[in-house]
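Novice: If you scroll down you'll find the structure; I have some questions about it.
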Amino acid sequence: MQVEKMGFPTAPLVTIAFEGLAHSNAASRGMPLERICFLPHPMTNKTDAEMYAVLEGNDPISKKPLMPEIIAALTQPLTAEEKKTGSISPDIGPPTYVGTPDELQRLFCDNNLTDYMPIILPTEEKVEAMLKGTSHKPDEVIGKLSAAQGAQPSWTFTVRHVAINAVMAGASPEHLPVILAISATGQPSLFSSTSSFTRMVMLNGPISDQVKMNYGIGAMGPFAEANSVIGRAWTIFSKNLGGCGVPGLSYLGTLGSNFNYNNLCIAETENRLPDGWKPFHVQKGFKPDESVVSIFSGWSLNNIAWFPNMPYHELIKNWLTHFFSFGTSAATVMLDPTIAREAKEKGFNSKEELSDYWSKNSKTPGWLYWDTHQKELKQAQDGVEPYASYLKMGDGEIPFQRFYRRGRPGAPPAPDANPKSSIELIVLGGETNTYFAGGDFSYVTSMSVDKWR
Amino acid sequence: MLGISPAILAGSPTPAEAAGKKTPAAAGPAKIEILNPKGMPPAVQLVPMAPRLDTLEGKTIFLVSDGFAGADRFLAQIAIWFQKNMPSVKTVYRLKAGSYFDDDPKLMAEIKASGNAMIMAYGH
């Protein structure tokens with residue numbers, strides 16, 4: 001569209017899986033009649049001959065011969081509609097809805113305003129009560145939210161909008177500052193990607209006990225009101241305040257993720273950290289008595305119950321070597337406090353020391369290394385070292401530290417990032433056994449909750 | 001699906017409902033009024049499309065990949081198609097910088113300086 005704006009005709013080619021997205025994206029950027037030509041999906045795995053055959057075939061949507069359609073997109077004179085200018089305000093419906101509770105539940109459910117579970121209906125009285133949970137004015141604009149910043153429209157929202165959605169999720173006024181802080185990060189829980197992103201939110205500081213977050217037995221399960229409603233609110237407000245989560249338009253995750261119902265809303269077990277180990281928010285530069293939410297982004301999580309004949313830090317190093325998901329260069333490990341204490345006894349005096357150990361000593365399975373290092377594979381086949389020696393190792397463990405934070409040459413590391421390791425470490429759980437969980441989550445950002453009280 | 005029509009609700013609104021007030025309970029559950037939970041999407045500024053070319057003959061077309069796997073190979077096939085079917089068309093392949101939704105001002109400037117049209121491939 002940038003090129004169209006410059007005065008040059010374009011013909012965007014889009015695979016049919018993205019038909020809805022392509023049209024809605026063109027419309028939201030002001031060119032609803034953009035001349036999009038469609039291709040079969042997927043194209044990635046076709047041979048060159050198969051791709052050429054696509055060109056000789058028809059657009060699967062319009063059923064017209066593809067190449068003449070592309071040429072027509074660039075040469076056919078514009079219609080009056082295609083030349084239109086002006087402004088369109090999207091219709092978001094009336095300010096209020098009236099009906100019986102059952103009718104309103106059905107209305108909200110049928111129009112994708114919920115997570116498809118019953119909600120608390122947001123009456124004016126309930127919303128006013130919710131707003132007592134913050135000192136901020138109802139009409140204060142908090143920020144913007146989008147299903148994919150830059151690719152999808154950014155919606156604006158206020159404190160009142162968040163309060164309405166918090167009511168719907170079943171939250172209480174005491175939860176509102178946390179939900180406002182999450183919204184102020186500008187991070188949606190439902191990201192538009194085809195890869196079915198999962199988000200995670202963690203509370204640290206005094207707020208965890210103030211709202212009665214569960215970080216003991218079953219810390220990642222449905223065993224406390226705060227964990228449940230705060231996590232749920234994130235998904236509901238992502239839909240309503242950012243236009244996220246409309247399948248085919250603003251959500252393309254092919255498999256989706258069940259985690260999106262609650263977004264892994266957790267709190268760190270700060271009172272059971274080994275001596276010298278800092279709570280997560282302190283690692284990121286906040287003071288211990290500050291209340292903070294931290295956002296993570298990833299796809300998957302392993303919950304690992306295993307009794308190894310080796311120290312746990314060695315077991316987890318081996319798990320990191322062989323863990324495979326879409327994210328191959330970042331990880332977050334959740335340790336039960338019993339494992340954290342064992343690591344401390346083994347000489348790891350901080351989370352950073354343990355994270356660095358894993359980063360330096362975990363390796364990469366041969367198949368994964370070569371699948372993600374095609375240039376090095378060519379060099380290996382040409383006898384260039386050390387790649388040639390790596391190739392002789394077959395599917396063995398290649399000494400490539402995939403969790404070591406290399407960064408772009410010359411680029412300074414993020415101020416709150418561990419300069420060496422991309423492995424984050426969280427301690428939580430009820431100490432009923434020596435288990436841990438881990439996944440491909442990477443840290444995104446943190447936000448003060450106190451600011452939103 | 002940005003808006004929702006209140007007409008979806010069963011029954012016609014009474015004047016009291018239209019004024020935003022609760023109605024007294026009659027037969028069946030009482031009706032209540034609740035707030036629309038939606039935020040504020042941005043207004044859309046319509047952008048007129050660029051004037052089209054009279055013909056592609058003798059023109060330079062940029063073939064631009066958004067970086068997803070396979071787009072480069074597919075665009076190479078388009079270049080071959082033009083060589084076979086419209087040999088006077090000059091094609092120039094470029095990989096757009098950044099992620100699929102980032103702008104690439106340097107490439108845009110190059111197209112402006114030396115191109116007549118663009119074919120861009122999105123998808124997987």
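Letters A, B, ... go to the chains of the structure tokens in the order shown; residues in each chain start at 1; ligands are counted from 1 in the same order.
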Extract, using only C-alpha atoms, all DNA, RNA and protein residues at most 6 Å from region 112-120 of chain B, discarding same-chain residues fewer than 2 positions from it, and format them as a PyMOL selection string.

Specialist: (chain A and resi 8-13) or (chain B and resi 60-65+109-110)

Novice: Tell me, counting only C-alpha atoms, for each residue of chain B within 7 Å of chain A, which pair of atoms is nearest and how far apart they are in Å to one decimal, in rows ordered by chain and increasing number, as JSON lines.

Specialist:
{"residue": "B:Leu2", "atom": "CA", "partner": "A:Ile92", "partner_atom": "CA", "distance": 5.1}
{"residue": "B:Gly3", "atom": "CA", "partner": "A:Ile92", "partner_atom": "CA", "distance": 3.9}
{"residue": "B:Ile4", "atom": "CA", "partner": "A:Gly93", "partner_atom": "CA", "distance": 4.9}
{"residue": "B:Ser5", "atom": "CA", "partner": "A:Gly93", "partner_atom": "CA", "distance": 6.3}
{"residue": "B:Pro6", "atom": "CA", "partner": "A:Tyr97", "partner_atom": "CA", "distance": 6.4}
{"residue": "B:Leu9", "atom": "CA", "partner": "A:Glu103", "partner_atom": "CA", "distance": 6.6}
{"residue": "B:Glu17", "atom": "CA", "partner": "A:Val98", "partner_atom": "CA", "distance": 6.7}
{"residue": "B:Pro29", "atom": "CA", "partner": "A:Thr100", "partner_atom": "CA", "distance": 6.1}
{"residue": "B:Ala30", "atom": "CA", "partner": "A:Thr100", "partner_atom": "CA", "distance": 5.8}
{"residue": "B:Lys31", "atom": "CA", "partner": "A:Thr100", "partner_atom": "CA", "distance": 4.2}
{"residue": "B:Ile32", "atom": "CA", "partner": "A:Val98", "partner_atom": "CA", "distance": 5.5}
{"residue": "B:Glu33", "atom": "CA", "partner": "A:Val98", "partner_atom": "CA", "distance": 4.4}
{"residue": "B:Ile34", "atom": "CA", "partner": "A:Thr123", "partner_atom": "CA", "distance": 4.3}
{"residue": "B:Leu35", "atom": "CA", "partner": "A:Thr96", "partner_atom": "CA", "distance": 4.5}
{"residue": "B:Asn36", "atom": "CA", "partner": "A:Thr96", "partner_atom": "CA", "distance": 5.2}
{"residue": "B:Pro37", "atom": "CA", "partner": "A:Ile164", "partner_atom": "CA", "distance": 5.8}
{"residue": "B:Lys38", "atom": "CA", "partner": "A:Asn240", "partner_atom": "CA", "distance": 4.6}
{"residue": "B:Gly39", "atom": "CA", "partner": "A:Leu241", "partner_atom": "CA", "distance": 4.3}
{"residue": "B:Met40", "atom": "CA", "partner": "A:Thr156", "partner_atom": "CA", "distance": 5.0}
{"residue": "B:Pro41", "atom": "CA", "partner": "A:Trp155", "partner_atom": "CA", "distance": 4.3}
{"residue": "B:Pro42", "atom": "CA", "partner": "A:Trp155", "partner_atom": "CA", "distance": 6.0}
{"residue": "B:Ala43", "atom": "CA", "partner": "A:Ser89", "partner_atom": "CA", "distance": 4.5}
{"residue": "B:Val44", "atom": "CA", "partner": "A:Ile88", "partner_atom": "CA", "distance": 5.0}
{"residue": "B:Gln45", "atom": "CA", "partner": "A:Ser87", "partner_atom": "CA", "distance": 4.4}
{"residue": "B:Leu46", "atom": "CA", "partner": "A:Gly30", "partner_atom": "CA", "distance": 4.0}
{"residue": "B:Val47", "atom": "CA", "partner": "A:Gly30", "partner_atom": "CA", "distance": 5.1}
{"residue": "B:Pro48", "atom": "CA", "partner": "A:Lys83", "partner_atom": "CA", "distance": 4.4}
{"residue": "B:Met49", "atom": "CA", "partner": "A:Glu4", "partner_atom": "CA", "distance": 5.9}
{"residue": "B:Ala50", "atom": "CA", "partner": "A:Gly7", "partner_atom": "CA", "distance": 4.6}
{"residue": "B:Pro51", "atom": "CA", "partner": "A:Pro9", "partner_atom": "CA", "distance": 6.6}
{"residue": "B:Arg52", "atom": "CA", "partner": "A:Thr75", "partner_atom": "CA", "distance": 4.8}
{"residue": "B:Leu53", "atom": "CA", "partner": "A:Thr75", "partner_atom": "CA", "distance": 4.7}
{"residue": "B:Asp54", "atom": "CA", "partner": "A:Thr75", "partner_atom": "CA", "distance": 5.6}
{"residue": "B:Thr55", "atom": "CA", "partner": "A:Thr75", "partner_atom": "CA", "distance": 5.9}
{"residue": "B:Ala69", "atom": "CA", "partner": "A:Thr44", "partner_atom": "CA", "distance": 5.7}
{"residue": "B:Gly70", "atom": "CA", "partner": "A:Thr44", "partner_atom": "CA", "distance": 4.5}
{"residue": "B:Arg73", "atom": "CA", "partner": "A:Asp48", "partner_atom": "CA", "distance": 6.8}
{"residue": "B:Phe74", "atom": "CA", "partner": "A:Met51", "partner_atom": "CA", "distance": 6.0}
{"residue": "B:Gln77", "atom": "CA", "partner": "A:Tyr52", "partner_atom": "CA", "distance": 5.7}
{"residue": "B:Phe101", "atom": "CA", "partner": "A:Ala151", "partner_atom": "CA", "distance": 5.2}
{"residue": "B:Asp102", "atom": "CA", "partner": "A:Gly150", "partner_atom": "CA", "distance": 6.8}
{"residue": "B:Met108", "atom": "CA", "partner": "A:Val3", "partner_atom": "CA", "distance": 6.6}
{"residue": "B:Asn116", "atom": "CA", "partner": "A:Phe8", "partner_atom": "CA", "distance": 6.2}
{"residue": "B:Ala117", "atom": "CA", "partner": "A:Pro9", "partner_atom": "CA", "distance": 5.1}
{"residue": "B:Met118", "atom": "CA", "partner": "A:Thr10", "partner_atom": "CA", "distance": 4.8}
{"residue": "B:Ile119", "atom": "CA", "partner": "A:Ala11", "partner_atom": "CA", "distance": 4.8}
{"residue": "B:Met120", "atom": "CA", "partner": "A:Pro12", "partner_atom": "CA", "distance": 4.9}
{"residue": "B:Ala121", "atom": "CA", "partner": "A:Leu13", "partner_atom": "CA", "distance": 4.7}
{"residue": "B:Tyr122", "atom": "CA", "partner": "A:Val14", "partner_atom": "CA", "distance": 5.0}
{"residue": "B:Gly123", "atom": "CA", "partner": "A:Thr15", "partner_atom": "CA", "distance": 5.4}
{"residue": "B:His124", "atom": "CA", "partner": "A:Thr44", "partner_atom": "CA", "distance": 5.4}

Novice: Please give the complete set of residues from region 30-79 of chain B that DSSP, run on the backbone, assigns to strand (DSSP E or B), formatted as a ChimeraX atom specification.

Specialist: /B:32-35,40,44-46,60-65

Novice: Name the residues in contact with region 212-226 of chain A at a cut-off of 7 Å, using only C-alpha atoms, excluding same-chain residues fewer than 2 positions from it; report them as a PDB file with C-alpha atoms, in the first residue's frame.

Specialist:
ATOM      1  CA  SER A 208       0.434 -10.930  45.054  1.00  0.00           C
ATOM      2  CA  ASP A 209      -0.633 -11.349  48.690  1.00  0.00           C
ATOM      3  CA  GLN A 210      -2.915  -8.317  48.610  1.00  0.00           C
ATOM      4  CA  SER A 228      -8.354 -16.925  37.344  1.00  0.00           C
ATOM      5  CA  VAL A 229     -10.011 -13.566  36.827  1.00  0.00           C
ATOM      6  CA  ILE A 230      -6.887 -11.504  36.106  1.00  0.00           C
ATOM      7  CA  LEU A 264      -0.819 -18.618  32.546  1.00  0.00           C
ATOM      8  CA  ILE A 266       0.931 -16.735  37.981  1.00  0.00           C
ATOM      9  CA  ALA A 267       2.828 -15.167  40.879  1.00  0.00           C
ATOM     10  CA  GLU A 268       6.347 -15.947  41.991  1.00  0.00           C
ATOM     11  CA  THR A 269       6.868 -17.703  45.333  1.00  0.00           C
ATOM     12  CA  LEU A 428       6.883 -21.099  42.179  1.00  0.00           C
ATOM     13  CA  GLY A 429       4.949 -24.058  43.488  1.00  0.00           C
ATOM     14  CA  GLY A 430       3.925 -25.832  46.658  1.00  0.00           C
TER      15      GLY A 430
END

Novice: I need the residue nearest Asp104 (chain B) from this list: B:Ser88, B:Asp66, B:Asp72, B:Phe82. Use only C-alpha atoms for the distance.

Specialist: B:Asp66

Novice: Suppose you want the space between CA of Val293 (chain A) and CA of Arg232 (chain A); what is it in Å?

Specialist: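 Going from CA of Val293 (chain A) over to CA of Arg232 (chain A) covers 14.9 Å.
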
Novice: Kindly give the distance, in Å, that separates CA of Leu273 (chain A) and CA of Val292 (chain A), rounded to a single decimal.

Specialist: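 Distance reported for this atom pair: 17.4 Å.
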
Novice: Determine, counting only C-alpha atoms, which protein, DNA and RNA residues have an atom within 7 Å of an atom of region 342-349 of chain A; residues of the same chain fewer than 6 positions away are not included. Present the result as JSON, numbers by chain.

Specialist: {"A": [274, 276, 277, 313]}
